[in-house]
$ cat model_13.txt   # compact mmCIF, C-alpha atoms
# COMPACT_ATOMS: atom_id res chain seq x y z
CA MET P 1 -9.54 16.17 17.19
CA LYS P 2 -11.69 13.24 16.14
CA PHE P 3 -10.12 10.31 14.33
CA ALA P 4 -11.68 7.37 12.51
CA VAL P 5 -9.47 4.27 12.48
CA ILE P 6 -10.79 1.94 9.81
CA VAL P 7 -11.04 -1.75 10.68
CA PHE P 8 -10.88 -4.07 7.66
CA PRO P 9 -11.20 -7.82 8.07
CA GLY P 10 -7.56 -8.70 8.77
CA SER P 11 -6.44 -5.33 10.14
CA ASN P 12 -4.23 -5.96 13.16
CA CYS P 13 -2.72 -2.60 14.11
CA ASP P 14 -6.09 -0.89 14.59
CA HIS P 15 -6.01 -1.10 18.39
CA ASP P 16 -2.38 0.05 18.56
CA MET P 17 -3.37 3.05 16.47
CA ALA P 18 -6.39 3.80 18.66
CA ASN P 19 -4.20 3.48 21.76
CA ALA P 20 -1.67 5.95 20.38
CA LEU P 21 -4.32 8.49 19.42
CA ARG P 22 -6.63 8.12 22.41
CA ASP P 23 -4.50 7.16 25.39
CA VAL P 24 -1.28 8.91 24.46
CA CYS P 25 -2.41 11.87 22.32
CA HIS P 26 -5.78 12.39 24.07
CA CYS P 27 -7.83 12.55 20.89
CA THR P 28 -11.29 11.12 20.29
CA VAL P 29 -11.06 7.88 18.33
CA ASP P 30 -13.61 5.50 16.88
CA LEU P 31 -12.83 2.15 15.35
CA VAL P 32 -14.94 2.27 12.19
CA PRO P 33 -15.76 -0.93 10.29
CA ALA P 34 -14.92 -1.23 6.59
CA THR P 35 -18.65 -1.57 5.90
CA ALA P 36 -19.36 2.02 7.03
CA THR P 37 -20.62 4.29 4.28
CA THR P 38 -19.95 7.69 5.86
CA LEU P 39 -17.15 9.37 7.80
CA ALA P 40 -19.17 12.49 8.59
CA GLY P 41 -18.00 14.18 11.78
CA TYR P 42 -14.41 12.98 11.66
CA ASP P 43 -11.46 15.34 11.29
CA ALA P 44 -9.08 12.66 10.07
CA VAL P 45 -9.03 9.04 8.98
CA VAL P 46 -6.36 6.39 9.52
CA LEU P 47 -5.95 3.13 7.59
CA PRO P 48 -4.01 0.89 9.98
CA GLY P 49 -1.58 -1.95 9.35
CA GLY P 50 -2.41 -5.62 9.02
CA PHE P 51 -3.35 -8.05 6.31
CA SER P 52 -6.70 -6.78 5.08
CA TYR P 53 -8.66 -9.51 3.31
CA GLY P 54 -5.71 -11.84 3.81
CA ASP P 55 -3.67 -9.86 1.26
CA TYR P 56 -5.57 -11.87 -1.36
CA LEU P 57 -4.66 -10.95 -4.95
CA ARG P 58 -2.27 -8.17 -3.78
CA SER P 59 -1.85 -6.29 -0.52
CA GLY P 60 -4.63 -3.71 -0.39
CA ALA P 61 -6.23 -4.76 -3.69
CA ILE P 62 -9.47 -5.98 -2.13
CA ALA P 63 -9.57 -3.45 0.72
CA ARG P 64 -9.68 -0.56 -1.70
CA LEU P 65 -13.09 -1.79 -2.85
CA ALA P 66 -14.56 -1.87 0.68
CA PRO P 67 -17.65 0.32 1.13
CA VAL P 68 -15.84 2.74 3.47
CA MET P 69 -13.27 3.60 0.80
CA THR P 70 -15.75 5.85 -1.01
CA ALA P 71 -15.95 7.93 2.16
CA VAL P 72 -12.15 7.80 2.58
CA LYS P 73 -11.75 9.15 -0.95
CA ALA P 74 -14.25 11.91 -0.18
CA MET P 75 -12.25 12.87 2.95
CA ALA P 76 -9.07 12.98 0.86
CA ALA P 77 -10.76 15.11 -1.81
CA ALA P 78 -12.05 17.47 0.89
CA GLY P 79 -8.49 18.06 2.08
CA LYS P 80 -8.91 16.24 5.40
CA PRO P 81 -5.89 14.28 6.66
CA VAL P 82 -5.71 10.64 5.58
CA LEU P 83 -2.92 8.52 7.07
CA GLY P 84 -2.13 5.01 5.87
CA VAL P 85 0.42 2.95 7.79
CA CYS P 86 1.91 -0.26 6.40
CA ASN P 87 -1.07 -2.15 4.94
CA GLY P 88 -2.80 1.26 5.01
CA PHE P 89 -0.09 2.61 2.67
CA GLN P 90 -0.60 -0.39 0.39
CA ILE P 91 -4.35 0.28 0.32
CA LEU P 92 -3.80 3.97 -0.51
CA THR P 93 -1.64 3.08 -3.52
CA GLU P 94 -4.10 0.43 -4.72
CA ALA P 95 -6.91 2.97 -4.33
CA GLY P 96 -5.02 5.48 -6.47
CA LEU P 97 -4.84 8.02 -3.63
CA LEU P 98 -1.04 7.77 -3.76
CA PRO P 99 1.15 6.94 -6.78
CA GLY P 100 3.25 3.79 -7.19
CA ALA P 101 2.97 0.35 -5.63
CA LEU P 102 4.49 -1.80 -2.88
CA ARG P 103 6.31 -4.93 -4.04
CA ALA P 104 7.71 -7.92 -2.16
CA ASN P 105 10.86 -7.00 -0.23
CA ARG P 106 14.01 -7.45 -2.26
CA SER P 107 15.21 -10.14 0.19
CA SER P 108 11.84 -11.94 -0.15
CA GLN P 109 11.80 -12.04 3.66
CA PHE P 110 9.42 -10.47 6.13
CA ILE P 111 11.39 -7.72 7.86
CA CYS P 112 10.66 -6.83 11.49
CA GLN P 113 13.18 -4.39 12.93
CA THR P 114 13.84 -0.81 13.99
CA SER P 115 14.60 1.42 11.07
CA THR P 116 16.34 4.79 10.97
CA LEU P 117 14.45 7.30 8.85
CA ARG P 118 15.41 10.64 7.43
CA ILE P 119 12.69 13.31 7.57
CA SER P 120 12.86 14.28 3.91
CA ASN P 121 10.19 16.92 4.23
CA PRO P 122 9.69 18.49 7.67
CA HIS P 123 7.22 21.03 6.29
CA THR P 124 4.17 18.78 5.97
CA ARG P 125 1.16 18.63 8.25
CA PHE P 126 2.45 15.22 9.35
CA THR P 127 6.04 16.21 10.17
CA THR P 128 6.31 19.78 11.53
CA ALA P 129 6.89 18.43 15.04
CA TYR P 130 10.12 16.86 13.79
CA ALA P 131 11.68 20.28 13.08
CA GLY P 132 15.38 20.16 13.88
CA GLN P 133 15.40 16.35 14.01
CA ALA P 134 17.33 14.92 11.09
CA THR P 135 16.54 11.27 11.74
CA ILE P 136 14.10 9.21 13.81
CA GLN P 137 13.80 5.53 14.72
CA LEU P 138 10.58 3.68 13.92
CA PRO P 139 9.70 -0.01 13.78
CA ILE P 140 8.99 -1.63 10.44
CA ALA P 141 7.22 -4.98 10.00
CA HIS P 142 6.36 -5.96 6.46
CA GLY P 143 6.88 -8.48 3.69
CA GLU P 144 5.81 -6.14 0.90
CA GLY P 145 7.22 -2.71 1.60
CA ASN P 146 9.44 -2.35 -1.41
CA TYR P 147 8.15 0.89 -2.93
CA TYR P 148 8.11 1.10 -6.70
CA CYS P 149 7.26 3.87 -9.13
CA ASP P 150 8.53 4.70 -12.60
CA GLU P 151 11.10 7.41 -13.32
CA ALA P 152 8.51 10.00 -14.33
CA THR P 153 6.55 9.49 -11.12
CA LEU P 154 9.71 9.69 -9.02
CA ALA P 155 10.65 12.96 -10.70
CA GLU P 156 7.20 14.28 -9.92
CA LEU P 157 7.40 13.15 -6.28
CA ARG P 158 10.71 14.98 -5.94
CA GLN P 159 9.56 18.09 -7.72
CA HIS P 160 6.59 18.52 -5.39
CA HIS P 161 8.46 17.46 -2.22
CA GLN P 162 6.12 14.50 -1.73
CA ILE P 163 8.78 12.18 -0.34
CA VAL P 164 8.27 12.52 3.42
CA PHE P 165 10.37 9.71 4.95
CA GLU P 166 13.43 7.93 3.55
CA TYR P 167 15.29 4.92 4.95
CA VAL P 168 18.87 5.65 5.93
CA ASP P 169 19.74 1.96 5.38
CA ASN P 170 17.27 0.80 2.76
CA PRO P 171 16.00 -2.51 4.18
CA ASN P 172 13.62 -3.62 1.42
CA GLY P 173 14.83 -2.31 -1.93
CA SER P 174 12.47 0.67 -2.21
CA VAL P 175 13.05 3.06 -5.09
CA ALA P 176 14.95 6.13 -3.83
CA ASN P 177 14.93 4.70 -0.26
CA ILE P 178 11.29 5.76 0.02
CA ALA P 179 9.59 4.91 3.32
CA GLY P 180 6.68 7.35 3.10
CA ILE P 181 5.11 9.69 0.54
CA MET P 182 2.21 12.10 0.42
CA ASN P 183 -0.09 13.29 -2.33
CA ARG P 184 0.59 16.59 -4.02
CA GLN P 185 -2.05 18.37 -1.94
CA GLY P 186 -0.21 17.23 1.19
CA ASN P 187 -3.17 15.76 3.08
CA VAL P 188 -2.73 12.05 2.28
CA LEU P 189 0.33 10.31 3.76
CA GLY P 190 1.30 6.67 3.30
CA MET P 191 4.22 5.16 5.20
CA MET P 192 5.51 1.64 5.81
CA PRO P 193 7.04 2.31 9.28
CA HIS P 194 4.74 2.20 12.30
CA PRO P 195 4.59 5.50 14.24
CA GLU P 196 1.83 4.08 16.49
CA ARG P 197 4.28 1.48 17.80
CA ALA P 198 6.69 4.17 19.01
CA VAL P 199 4.66 6.47 21.24
CA GLU P 200 5.74 5.45 24.75
CA ALA P 201 9.26 5.24 26.21
CA LEU P 202 8.25 1.92 27.75
CA LEU P 203 7.92 0.54 24.20
CA GLY P 204 11.45 1.62 23.30
CA SER P 205 10.87 4.83 21.34
CA ILE P 206 8.64 7.88 21.25
CA ASP P 207 9.77 8.92 17.78
CA GLY P 208 6.37 8.13 16.31
CA LEU P 209 4.64 10.80 18.37
CA GLY P 210 5.74 13.52 15.98
CA VAL P 211 3.38 12.32 13.24
CA PHE P 212 0.37 12.61 15.52
CA ALA P 213 1.57 15.77 17.29
CA SER P 214 2.06 17.46 13.90
CA LEU P 215 -1.43 16.50 12.75
CA ILE P 216 -3.04 17.69 15.98
CA ALA P 217 -1.12 21.01 15.94
CA HIS P 218 -2.12 21.58 12.32
CA GLU P 219 -5.77 20.90 13.13
CA GLU P 220 -5.71 23.29 16.11
CA GLU P 221 -4.10 26.04 14.02
CA SER P 222 -6.68 25.67 11.28
CA HIS P 223 -9.45 26.21 13.86
CA ALA P 224 -7.72 29.07 15.66
CA MET V 1 -20.28 -18.73 -22.23
CA TYR V 2 -16.59 -17.93 -22.46
CA LEU V 3 -13.67 -19.49 -20.68
CA VAL V 4 -11.05 -16.84 -20.05
CA LYS V 5 -7.53 -17.67 -18.88
CA VAL V 6 -5.58 -14.71 -17.54
CA THR V 7 -1.93 -14.67 -16.53
CA VAL V 8 -0.41 -11.78 -14.63
CA THR V 9 3.35 -11.33 -14.27
CA TYR V 10 5.70 -8.61 -13.11
CA LYS V 11 6.92 -6.15 -15.73
CA GLU V 12 10.44 -6.88 -16.88
CA SER V 13 11.90 -3.97 -14.95
CA ILE V 14 10.47 -5.27 -11.65
CA LEU V 15 12.52 -7.57 -9.44
CA ASP V 16 10.77 -10.86 -8.71
CA PRO V 17 12.37 -12.08 -5.47
CA LYS V 18 10.04 -15.08 -5.20
CA GLY V 19 10.93 -16.20 -8.72
CA GLU V 20 14.61 -15.82 -7.85
CA ALA V 21 14.19 -17.94 -4.71
CA ILE V 22 12.48 -20.65 -6.76
CA ASN V 23 15.29 -20.50 -9.33
CA ASP V 24 17.83 -20.93 -6.51
CA ALA V 25 15.90 -23.98 -5.26
CA LEU V 26 15.82 -25.52 -8.74
CA GLN V 27 19.58 -24.97 -9.01
CA ARG V 28 19.97 -26.82 -5.69
CA LEU V 29 18.00 -29.71 -7.17
CA GLY V 30 20.54 -29.82 -9.95
CA TYR V 31 18.65 -28.14 -12.80
CA ARG V 32 21.62 -26.06 -13.90
CA ASP V 33 20.12 -25.22 -17.30
CA VAL V 34 17.36 -23.10 -15.75
CA GLN V 35 18.18 -19.51 -16.65
CA SER V 36 15.38 -17.72 -14.84
CA VAL V 37 12.06 -18.27 -13.12
CA GLU V 38 9.20 -15.83 -13.14
CA LEU V 39 6.37 -16.37 -10.69
CA GLY V 40 3.02 -15.07 -11.85
CA LYS V 41 -0.68 -15.45 -11.17
CA TYR V 42 -3.20 -17.46 -13.12
CA PHE V 43 -6.94 -16.86 -13.20
CA GLU V 44 -9.76 -18.76 -14.87
CA LEU V 45 -12.97 -16.90 -15.42
CA ARG V 46 -16.24 -18.14 -16.83
CA ILE V 47 -18.13 -15.24 -18.30
CA ALA V 48 -21.62 -15.26 -19.77
CA LYS V 49 -22.11 -13.78 -23.22
CA SER V 50 -23.43 -10.24 -23.34
CA ASP V 51 -23.65 -7.31 -25.71
CA ARG V 52 -20.25 -6.05 -24.57
CA PRO V 53 -17.26 -7.41 -26.51
CA ILE V 54 -15.62 -10.03 -24.31
CA ALA V 55 -12.02 -8.90 -24.91
CA GLU V 56 -12.89 -5.37 -23.93
CA GLN V 57 -14.44 -6.60 -20.67
CA VAL V 58 -11.49 -8.82 -19.82
CA ALA V 59 -8.93 -6.08 -20.50
CA GLU V 60 -10.92 -3.75 -18.28
CA MET V 61 -11.04 -6.32 -15.46
CA CYS V 62 -7.29 -6.77 -15.71
CA ASP V 63 -6.63 -3.04 -15.67
CA ARG V 64 -8.99 -2.39 -12.78
CA LEU V 65 -8.35 -5.36 -10.50
CA LEU V 66 -6.56 -8.50 -11.62
CA ALA V 67 -3.27 -6.70 -12.33
CA ASN V 68 -1.64 -3.66 -10.81
CA VAL V 69 -0.50 -2.00 -14.01
CA ASN V 70 2.08 0.04 -12.10
CA MET V 71 4.21 -3.08 -11.78
CA GLU V 72 2.44 -5.94 -13.55
CA THR V 73 1.54 -6.91 -17.06
CA TYR V 74 -1.13 -9.37 -18.20
CA ASP V 75 -2.09 -11.68 -21.00
CA TYR V 76 -5.34 -13.52 -21.66
CA GLU V 77 -6.81 -16.24 -23.82
CA ILE V 78 -10.52 -16.41 -24.56
CA THR V 79 -12.27 -19.56 -25.72
CA GLU V 80 -15.93 -19.94 -26.43
CA MET V 81 -17.52 -22.84 -24.55
CA GLU V 82 -20.42 -24.86 -25.82
CA ALA V 83 -23.67 -24.14 -24.06
CA GLN V 84 -24.35 -26.53 -21.18
CA SER V 85 -27.24 -28.85 -21.85

$ encode --input "model_13.txt" --output "structure tokens"
Amino acid sequence: MKFAVIVFPGSNCDHDMANALRDVCHCTVDLVPATATTLAGYDAVVLPGGFSYGDYLRSGAIARLAPVMTAVKAMAAAGKPVLGVCNGFQILTEAGLLPGALRANRSSQFICQTSTLRISNPHTRFTTAYAGQATIQLPIAHGEGNYYCDEATLAELRQHHQIVFEYVDNPNGSVANIAGIMNRQGNVLGMMPHPERAVEALLGSIDGLGVFASLIAHEEESHA
Amino acid sequence: MYLVKVTVTYKESILDPKGEAINDALQRLGYRDVQSVELGKYFELRIAKSDRPIAEQVAEMCDRLLANVNMETYDYEITEMEAQS
């Protein structure tokens, strides 16, 4: 499976993501600059964490206008997997690929800790590997991870089972404890926690592997 | 040429933790009459005249970029500037 990890000016989790996909999950990975205009040949695209464009204006607000985002939108429309982690999630909401927005944490502090997450929907192409696992532990590291959407949007998210991960102990004030959501089609996932930072026991947790294992298994099945 | 002043603030329903922190700091300085602080963004744009109505352009810019209408609201003031000699 061939992944494109997009590198915006200010991305800082791009190499962690590439390490997780290449060295741990044995996939083909290219770091693709934000100036790229095509993503032809890739099976999936990842928007990594960081502070793209210095978080100027709002987190993700400038990144969504980068040249590569036209190709990211085309991938999403074609049903290919699109994963946004942390700043990647913020970019996906700013780009309109996912509903809602990420606000400053309720505490107004940057939060860097391990978070316990409930797998709200284990039947997505990002979570099947977590079958039978009620909760997982993933690191979070963000100042603006406080998910917001209005009541109508929340009702819609629930109705279509788009809430994928929920915090057990809501650290940032997110509406409905939301840590990660997907689009209605189920191919675009945005999440604040960092699965790529939890892929080797040496790093303290392998609970992030499930996201990548699920994606890879889904891709293999679709080609079988 | 127009001078356009845009302010963007959180919608009322949205918590503004930075504004609250600033309010706390003002209280510590002794300004007990301060009831609330809202932190927003301020933009100044200079926009050349064109065939498109200026207010329509500014509202569009706010909707598309300057504000995130999911959680923010905006206001703007347009003044016509004298042509530079």

$ closest_residue --input "model_13.txt" --among "V:Met81, V:Leu29, V:Cys62, V:Ile47" --to "chain P" --atoms "all atoms listed in the file"
V:Cys62

$ atom_distance --input "model_13.txt" --atom1 "CA of Gly190 (chain P)" --atom2 "CA of Met61 (chain V)"
25.9 Å

$ interface_residues --input "model_13.txt" --of "chain V" --to "chain P" --cutoff "10 Å" --atoms "only C-alpha atoms" --output "PyMOL selection string"
chain V and resi 10+13-21+41+64-71

$ atom_distance --input "model_13.txt" --atom1 "CA of Asn23 (chain V)" --atom2 "CA of Lys5 (chain V)"
24.9 Å

$ residues_around --input "model_13.txt" --residues "Ala66 (chain P)" --least-positions-apart "5" --cutoff "9 Å" --atoms "only C-alpha atoms" --output "PyMOL selection string"
chain P and resi 8+34-36

$ closest_residue --input "model_13.txt" --among "P:Cys25, P:Ile216, P:Ala201, P:Cys86" --to "Ala141 (chain P)" --atoms "all atoms listed in the file"
P:Cys86

$ atom_distance --input "model_13.txt" --atom1 "CA of Met182 (chain P)" --atom2 "CA of Gly88 (chain P)"
12.8 Å

$ residues_around --input "model_13.txt" --residues "Asn19 (chain P)" --least-positions-apart "4" --cutoff "12 Å" --atoms "all atoms listed in the file" --output "NGL selection string"
:P and (3 or 5 or 13-15 or 23-31 or 195-200 or 209 or 212)

$ closest_residue --input "model_13.txt" --among "V:Tyr31, V:Ala59, V:Asp24, V:Glu80" --to "Val6 (chain V)" --atoms "all atoms listed in the file"
V:Ala59

$ closest_residue --input "model_13.txt" --among "P:Asp207, P:Val32, P:Phe51, P:Ile119" --to "Ala131 (chain P)" --atoms "only C-alpha atoms"
P:Ile119

$ decode --input "model_13.txt" --residues "region 49-80 of chain V" --atoms "N, CA, C and O atoms" --output "JSON list (two decimals), in the first residue's frame"
[["chain", "number", "residue", "atom", "x", "y", "z"],
["V", 49, "LYS", "N", -10.89, 49.94, -5.92],
["V", 49, "LYS", "CA", -12.26, 49.96, -6.44],
["V", 49, "LYS", "C", -12.37, 49.06, -7.67],
["V", 49, "LYS", "O", -11.43, 48.95, -8.46],
["V", 50, "SER", "N", -13.51, 48.40, -7.78],
["V", 50, "SER", "CA", -13.74, 47.58, -8.98],
["V", 50, "SER", "C", -15.23, 47.59, -9.26],
["V", 50, "SER", "O", -16.00, 48.28, -8.58],
["V", 51, "ASP", "N", -15.64, 46.82, -10.26],
["V", 51, "ASP", "CA", -17.05, 46.77, -10.61],
["V", 51, "ASP", "C", -17.88, 46.03, -9.56],
["V", 51, "ASP", "O", -19.09, 46.22, -9.45],
["V", 52, "ARG", "N", -17.18, 45.16, -8.79],
["V", 52, "ARG", "CA", -17.93, 44.39, -7.78],
["V", 52, "ARG", "C", -18.21, 45.23, -6.55],
["V", 52, "ARG", "O", -17.33, 45.89, -6.03],
["V", 53, "PRO", "N", -19.44, 45.20, -6.04],
["V", 53, "PRO", "CA", -19.76, 45.95, -4.83],
["V", 53, "PRO", "C", -18.81, 45.55, -3.70],
["V", 53, "PRO", "O", -18.58, 44.36, -3.47],
["V", 54, "ILE", "N", -18.26, 46.55, -3.03],
["V", 54, "ILE", "CA", -17.22, 46.31, -2.03],
["V", 54, "ILE", "C", -17.75, 45.47, -0.86],
["V", 54, "ILE", "O", -17.06, 44.54, -0.38],
["V", 55, "ALA", "N", -18.96, 45.75, -0.39],
["V", 55, "ALA", "CA", -19.49, 45.02, 0.77],
["V", 55, "ALA", "C", -19.64, 43.54, 0.45],
["V", 55, "ALA", "O", -19.35, 42.67, 1.28],
["V", 56, "GLU", "N", -20.05, 43.28, -0.77],
["V", 56, "GLU", "CA", -20.24, 41.89, -1.19],
["V", 56, "GLU", "C", -18.89, 41.15, -1.17],
["V", 56, "GLU", "O", -18.78, 40.01, -0.70],
["V", 57, "GLN", "N", -17.85, 41.84, -1.67],
["V", 57, "GLN", "CA", -16.52, 41.23, -1.68],
["V", 57, "GLN", "C", -16.01, 40.95, -0.28],
["V", 57, "GLN", "O", -15.47, 39.89, 0.01],
["V", 58, "VAL", "N", -16.21, 41.94, 0.61],
["V", 58, "VAL", "CA", -15.69, 41.80, 1.98],
["V", 58, "VAL", "C", -16.40, 40.67, 2.71],
["V", 58, "VAL", "O", -15.77, 39.83, 3.37],
["V", 59, "ALA", "N", -17.73, 40.61, 2.56],
["V", 59, "ALA", "CA", -18.49, 39.54, 3.22],
["V", 59, "ALA", "C", -18.01, 38.18, 2.72],
["V", 59, "ALA", "O", -17.85, 37.23, 3.49],
["V", 60, "GLU", "N", -17.73, 38.10, 1.44],
["V", 60, "GLU", "CA", -17.27, 36.84, 0.85],
["V", 60, "GLU", "C", -15.89, 36.45, 1.42],
["V", 60, "GLU", "O", -15.65, 35.30, 1.76],
["V", 61, "MET", "N", -15.01, 37.45, 1.54],
["V", 61, "MET", "CA", -13.68, 37.18, 2.10],
["V", 61, "MET", "C", -13.79, 36.68, 3.54],
["V", 61, "MET", "O", -13.06, 35.79, 3.96],
["V", 62, "CYS", "N", -14.70, 37.29, 4.29],
["V", 62, "CYS", "CA", -14.90, 36.87, 5.68],
["V", 62, "CYS", "C", -15.42, 35.44, 5.73],
["V", 62, "CYS", "O", -14.92, 34.62, 6.49],
["V", 63, "ASP", "N", -16.42, 35.16, 4.91],
["V", 63, "ASP", "CA", -17.01, 33.82, 4.91],
["V", 63, "ASP", "C", -16.01, 32.75, 4.47],
["V", 63, "ASP", "O", -16.01, 31.64, 4.96],
["V", 64, "ARG", "N", -15.16, 33.12, 3.51],
["V", 64, "ARG", "CA", -14.27, 32.10, 2.93],
["V", 64, "ARG", "C", -12.95, 31.95, 3.67],
["V", 64, "ARG", "O", -12.32, 30.90, 3.59],
["V", 65, "LEU", "N", -12.49, 33.01, 4.34],
["V", 65, "LEU", "CA", -11.16, 32.90, 4.95],
["V", 65, "LEU", "C", -11.01, 33.59, 6.31],
["V", 65, "LEU", "O", -10.54, 32.97, 7.26],
["V", 66, "LEU", "N", -11.39, 34.85, 6.39],
["V", 66, "LEU", "CA", -11.03, 35.61, 7.59],
["V", 66, "LEU", "C", -11.71, 35.08, 8.85],
["V", 66, "LEU", "O", -11.14, 35.12, 9.93],
["V", 67, "ALA", "N", -12.91, 34.53, 8.70],
["V", 67, "ALA", "CA", -13.61, 33.94, 9.84],
["V", 67, "ALA", "C", -13.92, 32.48, 9.54],
["V", 67, "ALA", "O", -14.05, 32.10, 8.37],
["V", 68, "ASN", "N", -14.00, 31.68, 10.59],
["V", 68, "ASN", "CA", -14.52, 30.32, 10.44],
["V", 68, "ASN", "C", -15.96, 30.38, 10.94],
["V", 68, "ASN", "O", -16.20, 30.43, 12.15],
["V", 69, "VAL", "N", -16.89, 30.42, 10.01],
["V", 69, "VAL", "CA", -18.28, 30.71, 10.40],
["V", 69, "VAL", "C", -18.91, 29.60, 11.24],
["V", 69, "VAL", "O", -20.00, 29.78, 11.78],
["V", 70, "ASN", "N", -18.21, 28.46, 11.37],
["V", 70, "ASN", "CA", -18.69, 27.43, 12.30],
["V", 70, "ASN", "C", -18.68, 27.97, 13.73],
["V", 70, "ASN", "O", -19.54, 27.62, 14.52],
["V", 71, "MET", "N", -17.68, 28.77, 14.05],
["V", 71, "MET", "CA", -17.54, 29.19, 15.45],
["V", 71, "MET", "C", -17.31, 30.69, 15.62],
["V", 71, "MET", "O", -17.28, 31.18, 16.73],
["V", 72, "GLU", "N", -17.16, 31.42, 14.52],
["V", 72, "GLU", "CA", -16.87, 32.84, 14.62],
["V", 72, "GLU", "C", -17.90, 33.69, 13.89],
["V", 72, "GLU", "O", -18.59, 33.21, 12.98],
["V", 73, "THR", "N", -17.96, 34.94, 14.30],
["V", 73, "THR", "CA", -18.84, 35.88, 13.64],
["V", 73, "THR", "C", -17.99, 37.12, 13.30],
["V", 73, "THR", "O", -16.93, 37.30, 13.88],
["V", 74, "TYR", "N", -18.42, 37.91, 12.33],
["V", 74, "TYR", "CA", -17.58, 39.04, 11.93],
["V", 74, "TYR", "C", -18.40, 40.30, 11.71],
["V", 74, "TYR", "O", -19.63, 40.27, 11.57],
["V", 75, "ASP", "N", -17.68, 41.40, 11.70],
["V", 75, "ASP", "CA", -18.28, 42.70, 11.48],
["V", 75, "ASP", "C", -17.28, 43.51, 10.68],
["V", 75, "ASP", "O", -16.08, 43.28, 10.81],
["V", 76, "TYR", "N", -17.74, 44.42, 9.83],
["V", 76, "TYR", "CA", -16.76, 45.21, 9.08],
["V", 76, "TYR", "C", -17.27, 46.63, 8.86],
["V", 76, "TYR", "O", -18.47, 46.92, 8.96],
["V", 77, "GLU", "N", -16.30, 47.50, 8.60],
["V", 77, "GLU", "CA", -16.57, 48.92, 8.42],
["V", 77, "GLU", "C", -15.80, 49.33, 7.17],
["V", 77, "GLU", "O", -14.60, 49.06, 7.06],
["V", 78, "ILE", "N", -16.49, 49.94, 6.23],
["V", 78, "ILE", "CA", -15.84, 50.30, 4.97],
["V", 78, "ILE", "C", -15.80, 51.82, 4.84],
["V", 78, "ILE", "O", -16.83, 52.48, 4.99],
["V", 79, "THR", "N", -14.61, 52.36, 4.61],
["V", 79, "THR", "CA", -14.54, 53.81, 4.35],
["V", 79, "THR", "C", -13.82, 54.04, 3.04],
["V", 79, "THR", "O", -12.87, 53.32, 2.71],
["V", 80, "GLU", "N", -14.31, 55.01, 2.31],
["V", 80, "GLU", "CA", -13.69, 55.31, 1.03],
["V", 80, "GLU", "C", -12.51, 56.25, 1.28],
["V", 80, "GLU", "O", -12.65, 57.23, 2.01]]
